[in-house]
Amino acid sequence: MEPAAIPGLTTAPPRAPTGPARPGAAAAAVPNSAPPGSAAFRGPAGLVPVSMLLPGAGGGASRSPSALAALSQVLRLERSRRTGVVFPLQKLERYLAPGVDTKRFHLFQPSLAALQRAEVLFRSSRDHSIDYVSSAVRMDHAPSPTLPEVCFIGRSNVGKSSLIRALFSLSPEVEVRVSKTPGHTKKMNFFKVGKYFTLVDMPGYGYRAPQDFVEMVEAYLQERRNLKRTFLLVDSVVGLQTTDHTAVEMLEEFGIPYVMVLTKIDRASRGLLLKNVLKIQDFVKEKTQGCFPQLFLVSSLEFSGVHLLRCFVAHVTGNLPAVEDS
């Protein structure tokens with residue numbers, strides 16, 4: 001059953017957070033047969049214009065949020081398109097062969113109330129600031145570990161900084177530098193989200209990685225006691241590469257809880273995407289112990305999966321306590 005307050009999400013923006021989420025806040029899972037919003041929202045007939053699906057142009061502090069950065073815009077889409085934006089992994093289910101186990105497609109399935117709460121955390125306001133804090137190449141230069149923390153790591157050119165900018169798109173004053181040149185991020189960049197958590201953009205590994213990458217990342221993973229989850233980004237077009245396997249081995253060796261995020265799903269054909277999803281899911285099931293069993297699929301260009309990823313970040317940092325433990 002969907003929360004009674006859900007219909008109001010299309011008409012009034014949420015208020016900025018004023019304190020930690022209350023235990024028992026609406027965040028229960030929605031039944032698999034009824035995707036969130038499938039009956040409660042009646043948007044305009046048909047799809048929104050193509051121009052509404054494209055991110056705002058420009059960069060830096062003056063850029064505009066994507067038209068689909070806010071849930072209120074996504075909820076105006078027709079049902080199939082809406083499900084594809086919020087739950088892109090579930091959209092692939094209809095193309096699976098009969099008998100394929102789909103449990104790992106539904107492990108984290110928050111309600112609209114939970115998605116809304118997460119969106120509030122990623123939207124800055126007068127009483128809720130989201131700021132770039134500092135950059136560091138050594139742990140003694142890192143900010144004090146006073147808040148729950150998540151870090152994003154992946155190969156050079158996997159789309160890591162683009163994804164982080166998409167997550168923060170409702171706060172366009174937050175500057176996340178994105179470059180067309182692989183290996184642009186050379187330091188650990190720390191972003192503070194109010195009094196709730198810190199997000200860290202780690203340097204990319206592989207091509208043009210910093211010379212001291214191994215020492216920097218290993219020290220961070222081993223010493224950062226407030227680290228709640230590592231988000232390992234994998235290119236959905238090419239799948240797991242040798243350097244990705246090395247990163248997995250490192251996370252497993254250190255006992256770091258992590259989750260895999262498949263990026264750039266707008267560039268992969270449906271068949272290729274489904275093939276890589278099933279292959280990586282099998283790898284996670286058979287070869288890992290610390291990886292969350294469900295994959296997260298995202299497109300920073302089309303905003304697919306970004307809302308769900310915001311919600312998972314809010315959950316693992318302790319800001320959605322009513323969601324089933326993950």
# chains A, B, ... in the order shown; residues from 1 in each chain; ligands from 1
call {"tool": "select_by_dssp", "arguments": {"residues": "range 111-216 of chain A", "states": "alpha helix (DSSP H)", "output": "PyMOL selection string"}}
result
chain A and resi 112-121+160-167+213-216
call {"tool": "closest_atom_pairs", "arguments": {"of": "range 163-278 of chain A", "to": "range 125-142 of chain A", "cutoff": "9 Å", "atoms": "only C-alpha atoms", "output": "JSON lines"}}
result
{"residue": "A:Phe168", "atom": "CA", "partner": "A:Ile130", "partner_atom": "CA", "distance": 8.6}
{"residue": "A:Ser171", "atom": "CA", "partner": "A:Ile130", "partner_atom": "CA", "distance": 7.4}
{"residue": "A:Glu173", "atom": "CA", "partner": "A:Asp131", "partner_atom": "CA", "distance": 8.6}
{"residue": "A:Val174", "atom": "CA", "partner": "A:Asp131", "partner_atom": "CA", "distance": 6.2}
{"residue": "A:Glu175", "atom": "CA", "partner": "A:Tyr132", "partner_atom": "CA", "distance": 7.3}
{"residue": "A:Val176", "atom": "CA", "partner": "A:Tyr132", "partner_atom": "CA", "distance": 8.3}
{"residue": "A:Lys186", "atom": "CA", "partner": "A:Val137", "partner_atom": "CA", "distance": 8.1}
{"residue": "A:Lys187", "atom": "CA", "partner": "A:Val137", "partner_atom": "CA", "distance": 5.3}
{"residue": "A:Met188", "atom": "CA", "partner": "A:Ala136", "partner_atom": "CA", "distance": 5.2}
{"residue": "A:Asn189", "atom": "CA", "partner": "A:Ser135", "partner_atom": "CA", "distance": 4.4}
{"residue": "A:Phe190", "atom": "CA", "partner": "A:Val133", "partner_atom": "CA", "distance": 5.5}
{"residue": "A:Phe191", "atom": "CA", "partner": "A:Tyr132", "partner_atom": "CA", "distance": 4.3}
{"residue": "A:Lys192", "atom": "CA", "partner": "A:Asp131", "partner_atom": "CA", "distance": 5.3}
{"residue": "A:Val193", "atom": "CA", "partner": "A:Ile130", "partner_atom": "CA", "distance": 4.6}
{"residue": "A:Gly194", "atom": "CA", "partner": "A:Ser129", "partner_atom": "CA", "distance": 5.1}
{"residue": "A:Lys195", "atom": "CA", "partner": "A:His128", "partner_atom": "CA", "distance": 8.0}
{"residue": "A:Asp212", "atom": "CA", "partner": "A:Val137", "partner_atom": "CA", "distance": 8.4}
{"residue": "A:Phe213", "atom": "CA", "partner": "A:Val137", "partner_atom": "CA", "distance": 8.8}
{"residue": "A:Glu215", "atom": "CA", "partner": "A:Arg138", "partner_atom": "CA", "distance": 8.7}
{"residue": "A:Met216", "atom": "CA", "partner": "A:Arg138", "partner_atom": "CA", "distance": 6.2}
{"residue": "A:Ala219", "atom": "CA", "partner": "A:Met139", "partner_atom": "CA", "distance": 7.0}
{"residue": "A:Tyr220", "atom": "CA", "partner": "A:Met139", "partner_atom": "CA", "distance": 6.5}
{"residue": "A:Glu223", "atom": "CA", "partner": "A:Met139", "partner_atom": "CA", "distance": 8.1}
{"residue": "A:Arg224", "atom": "CA", "partner": "A:Met139", "partner_atom": "CA", "distance": 8.6}
call {"tool": "select_by_dssp", "arguments": {"residues": "range 177-326 of chain A", "states": "strand (DSSP E)", "output": "list in words"}}
result
Met188, Asn189, Phe190, Phe191, Lys192, Val193, Phe197, Thr198, Leu199, Val200, Asp201, Leu227, Lys228, Arg229, Thr230, Phe231, Leu232, Leu233, Val234, Asp235, Tyr258, Val259, Met260, Val261, Leu262, Thr263, Phe296 and Leu297 of chain A
call {"tool": "closest_residue", "arguments": {"among": "A:Val120, A:Leu251, A:Val217, A:Leu92", "to": "Ala314 in chain A", "atoms": "only C-alpha atoms"}}
result
A:Val120
call {"tool": "residues_around", "arguments": {"residues": "Leu232 in chain A", "least_positions_apart": "5", "cutoff": "9 Å", "atoms": "only C-alpha atoms", "output": "JSON, numbers by chain"}}
result
{"A": [151, 152, 153, 154, 244, 247, 248, 258, 259, 260, 261, 262]}
call {"tool": "closest_residue", "arguments": {"among": "A:Val306, A:Leu227, A:Val316, A:Leu233", "to": "Arg165 in chain A", "atoms": "only C-alpha atoms"}}
result
A:Val306
call {"tool": "residues_around", "arguments": {"residues": "Ser304 in chain A", "least_positions_apart": "2", "cutoff": "7 Å", "atoms": "only C-alpha atoms", "output": "PyMOL selection string"}}
result
chain A and resi 84-86+88+298-299+302+306
call {"tool": "write_last_selection", "arguments": {"atoms": "N, CA, C and O atoms", "output": "mmCIF file, in the first residue's frame"}}
result
data_model
loop_
_atom_site.group_PDB
_atom_site.id
_atom_site.type_symbol
_atom_site.label_atom_id
_atom_site.label_comp_id
_atom_site.auth_asym_id
_atom_site.auth_seq_id
_atom_site.Cartn_x
_atom_site.Cartn_y
_atom_site.Cartn_z
ATOM 1 N N GLY A 84 10.950 3.257 -15.994
ATOM 2 C CA GLY A 84 12.278 3.172 -16.573
ATOM 3 C C GLY A 84 13.244 4.182 -15.997
ATOM 4 O O GLY A 84 14.450 3.911 -15.874
ATOM 5 N N VAL A 85 12.735 5.357 -15.623
ATOM 6 C CA VAL A 85 13.595 6.383 -15.043
ATOM 7 C C VAL A 85 13.925 6.063 -13.588
ATOM 8 O O VAL A 85 15.082 6.174 -13.168
ATOM 9 N N VAL A 86 12.937 5.652 -12.814
ATOM 10 C CA VAL A 86 13.153 5.418 -11.389
ATOM 11 C C VAL A 86 13.768 4.049 -11.122
ATOM 12 O O VAL A 86 14.684 3.920 -10.304
ATOM 13 N N PRO A 88 15.313 1.487 -13.490
ATOM 14 C CA PRO A 88 15.749 0.976 -14.802
ATOM 15 C C PRO A 88 16.059 -0.511 -14.815
ATOM 16 O O PRO A 88 15.877 -1.167 -15.845
ATOM 17 N N VAL A 298 22.436 3.389 -14.038
ATOM 18 C CA VAL A 298 22.249 4.838 -14.102
ATOM 19 C C VAL A 298 22.635 5.396 -15.474
ATOM 20 O O VAL A 298 23.479 4.841 -16.171
ATOM 21 N N SER A 299 21.992 6.477 -15.813
ATOM 22 C CA SER A 299 22.375 7.312 -16.946
ATOM 23 C C SER A 299 22.372 8.752 -16.465
ATOM 24 O O SER A 299 21.319 9.287 -16.110
ATOM 25 N N GLU A 302 20.190 10.859 -19.130
ATOM 26 C CA GLU A 302 18.737 10.730 -19.125
ATOM 27 C C GLU A 302 18.135 10.676 -17.723
ATOM 28 O O GLU A 302 16.932 10.600 -17.569
ATOM 29 N N VAL A 306 19.016 7.689 -11.153
ATOM 30 C CA VAL A 306 19.624 8.683 -10.262
ATOM 31 C C VAL A 306 18.792 8.855 -8.995
ATOM 32 O O VAL A 306 19.333 8.957 -7.888
#
call {"tool": "closest_residue", "arguments": {"among": "A:Val200, A:Gly318, A:Leu308, A:Arg229", "to": "Ala113 in chain A", "atoms": "only C-alpha atoms"}}
result
A:Leu308
call {"tool": "decode", "arguments": {"residues": "range 238-251 of chain A", "atoms": "all heavy atoms", "output": "mmCIF file, in the first residue's frame"}}
result
data_model
loop_
_atom_site.group_PDB
_atom_site.id
_atom_site.type_symbol
_atom_site.label_atom_id
_atom_site.label_comp_id
_atom_site.auth_asym_id
_atom_site.auth_seq_id
_atom_site.Cartn_x
_atom_site.Cartn_y
_atom_site.Cartn_z
ATOM 1 N N VAL A 238 30.983 -1.921 -21.595
ATOM 2 C CA VAL A 238 32.113 -2.858 -21.686
ATOM 3 C C VAL A 238 32.132 -3.871 -20.554
ATOM 4 O O VAL A 238 32.867 -4.859 -20.600
ATOM 5 C CB VAL A 238 33.453 -2.098 -21.728
ATOM 6 C CG1 VAL A 238 33.502 -1.185 -22.939
ATOM 7 C CG2 VAL A 238 33.676 -1.288 -20.458
ATOM 8 N N GLY A 239 31.360 -3.659 -19.497
ATOM 9 C CA GLY A 239 31.324 -4.590 -18.387
ATOM 10 C C GLY A 239 32.571 -4.527 -17.524
ATOM 11 O O GLY A 239 33.362 -3.584 -17.597
ATOM 12 N N LEU A 240 32.753 -5.547 -16.704
ATOM 13 C CA LEU A 240 33.899 -5.596 -15.795
ATOM 14 C C LEU A 240 35.196 -5.786 -16.571
ATOM 15 O O LEU A 240 35.314 -6.702 -17.380
ATOM 16 C CB LEU A 240 33.729 -6.738 -14.791
ATOM 17 C CG LEU A 240 32.694 -6.546 -13.681
ATOM 18 C CD1 LEU A 240 32.463 -7.860 -12.942
ATOM 19 C CD2 LEU A 240 33.131 -5.455 -12.714
ATOM 20 N N GLN A 241 36.162 -4.914 -16.290
ATOM 21 C CA GLN A 241 37.481 -4.991 -16.909
ATOM 22 C C GLN A 241 38.502 -5.483 -15.878
ATOM 23 O O GLN A 241 38.196 -5.605 -14.686
ATOM 24 C CB GLN A 241 37.875 -3.623 -17.451
ATOM 25 C CG GLN A 241 36.910 -3.065 -18.484
ATOM 26 C CD GLN A 241 36.884 -3.887 -19.763
ATOM 27 O OE1 GLN A 241 37.856 -3.923 -20.512
ATOM 28 N NE2 GLN A 241 35.762 -4.566 -20.013
ATOM 29 N N THR A 242 39.720 -5.733 -16.339
ATOM 30 C CA THR A 242 40.764 -6.236 -15.449
ATOM 31 C C THR A 242 40.973 -5.313 -14.258
ATOM 32 O O THR A 242 41.097 -5.772 -13.107
ATOM 33 C CB THR A 242 42.087 -6.399 -16.224
ATOM 34 O OG1 THR A 242 41.887 -7.311 -17.298
ATOM 35 C CG2 THR A 242 43.184 -6.940 -15.300
ATOM 36 N N THR A 243 40.998 -4.005 -14.501
ATOM 37 C CA THR A 243 41.207 -3.060 -13.400
ATOM 38 C C THR A 243 40.037 -3.059 -12.435
ATOM 39 O O THR A 243 40.204 -2.835 -11.230
ATOM 40 C CB THR A 243 41.431 -1.638 -13.945
ATOM 41 O OG1 THR A 243 40.398 -1.338 -14.911
ATOM 42 C CG2 THR A 243 42.789 -1.525 -14.615
ATOM 43 N N ASP A 244 38.815 -3.334 -12.933
ATOM 44 C CA ASP A 244 37.653 -3.437 -12.047
ATOM 45 C C ASP A 244 37.787 -4.652 -11.132
ATOM 46 O O ASP A 244 37.462 -4.584 -9.945
ATOM 47 C CB ASP A 244 36.364 -3.543 -12.863
ATOM 48 C CG ASP A 244 36.102 -2.312 -13.716
ATOM 49 O OD1 ASP A 244 36.338 -1.197 -13.215
ATOM 50 O OD2 ASP A 244 35.660 -2.473 -14.867
ATOM 51 N N HIS A 245 38.256 -5.746 -11.679
ATOM 52 C CA HIS A 245 38.464 -6.947 -10.864
ATOM 53 C C HIS A 245 39.496 -6.682 -9.770
ATOM 54 O O HIS A 245 39.362 -7.170 -8.636
ATOM 55 C CB HIS A 245 38.911 -8.108 -11.744
ATOM 56 C CG HIS A 245 37.805 -8.734 -12.533
ATOM 57 N ND1 HIS A 245 36.911 -9.619 -11.985
ATOM 58 C CD2 HIS A 245 37.437 -8.573 -13.838
ATOM 59 C CE1 HIS A 245 36.039 -10.001 -12.913
ATOM 60 N NE2 HIS A 245 36.337 -9.379 -14.056
ATOM 61 N N THR A 246 40.531 -5.901 -10.106
ATOM 62 C CA THR A 246 41.530 -5.544 -9.102
ATOM 63 C C THR A 246 40.899 -4.722 -7.981
ATOM 64 O O THR A 246 41.190 -4.928 -6.792
ATOM 65 C CB THR A 246 42.679 -4.750 -9.746
ATOM 66 O OG1 THR A 246 43.278 -5.541 -10.779
ATOM 67 C CG2 THR A 246 43.731 -4.377 -8.718
ATOM 68 N N ALA A 247 40.019 -3.792 -8.355
ATOM 69 C CA ALA A 247 39.327 -2.979 -7.344
ATOM 70 C C ALA A 247 38.443 -3.853 -6.461
ATOM 71 O O ALA A 247 38.384 -3.658 -5.237
ATOM 72 C CB ALA A 247 38.493 -1.896 -8.031
ATOM 73 N N VAL A 248 37.741 -4.812 -7.059
ATOM 74 C CA VAL A 248 36.904 -5.723 -6.287
ATOM 75 C C VAL A 248 37.759 -6.516 -5.299
ATOM 76 O O VAL A 248 37.395 -6.676 -4.120
ATOM 77 C CB VAL A 248 36.134 -6.681 -7.226
ATOM 78 C CG1 VAL A 248 35.487 -7.817 -6.427
ATOM 79 C CG2 VAL A 248 35.072 -5.923 -8.008
ATOM 80 N N GLU A 249 38.895 -7.018 -5.761
ATOM 81 C CA GLU A 249 39.786 -7.782 -4.879
ATOM 82 C C GLU A 249 40.243 -6.941 -3.691
ATOM 83 O O GLU A 249 40.330 -7.435 -2.559
ATOM 84 C CB GLU A 249 40.987 -8.285 -5.681
ATOM 85 C CG GLU A 249 40.634 -9.354 -6.715
ATOM 86 C CD GLU A 249 41.808 -9.691 -7.610
ATOM 87 O OE1 GLU A 249 42.914 -9.120 -7.396
ATOM 88 O OE2 GLU A 249 41.650 -10.520 -8.530
ATOM 89 N N MET A 250 40.535 -5.665 -3.942
ATOM 90 C CA MET A 250 40.968 -4.775 -2.872
ATOM 91 C C MET A 250 39.849 -4.573 -1.851
ATOM 92 O O MET A 250 40.068 -4.659 -0.634
ATOM 93 C CB MET A 250 41.415 -3.430 -3.443
ATOM 94 C CG MET A 250 41.839 -2.407 -2.397
ATOM 95 S SD MET A 250 42.479 -0.876 -3.148
ATOM 96 C CE MET A 250 41.054 -0.322 -4.087
ATOM 97 N N LEU A 251 38.640 -4.314 -2.311
ATOM 98 C CA LEU A 251 37.506 -4.103 -1.418
ATOM 99 C C LEU A 251 37.194 -5.357 -0.623
ATOM 100 O O LEU A 251 36.883 -5.294 0.580
ATOM 101 C CB LEU A 251 36.291 -3.663 -2.231
ATOM 102 C CG LEU A 251 36.370 -2.274 -2.878
ATOM 103 C CD1 LEU A 251 35.245 -2.086 -3.884
ATOM 104 C CD2 LEU A 251 36.335 -1.182 -1.825
#
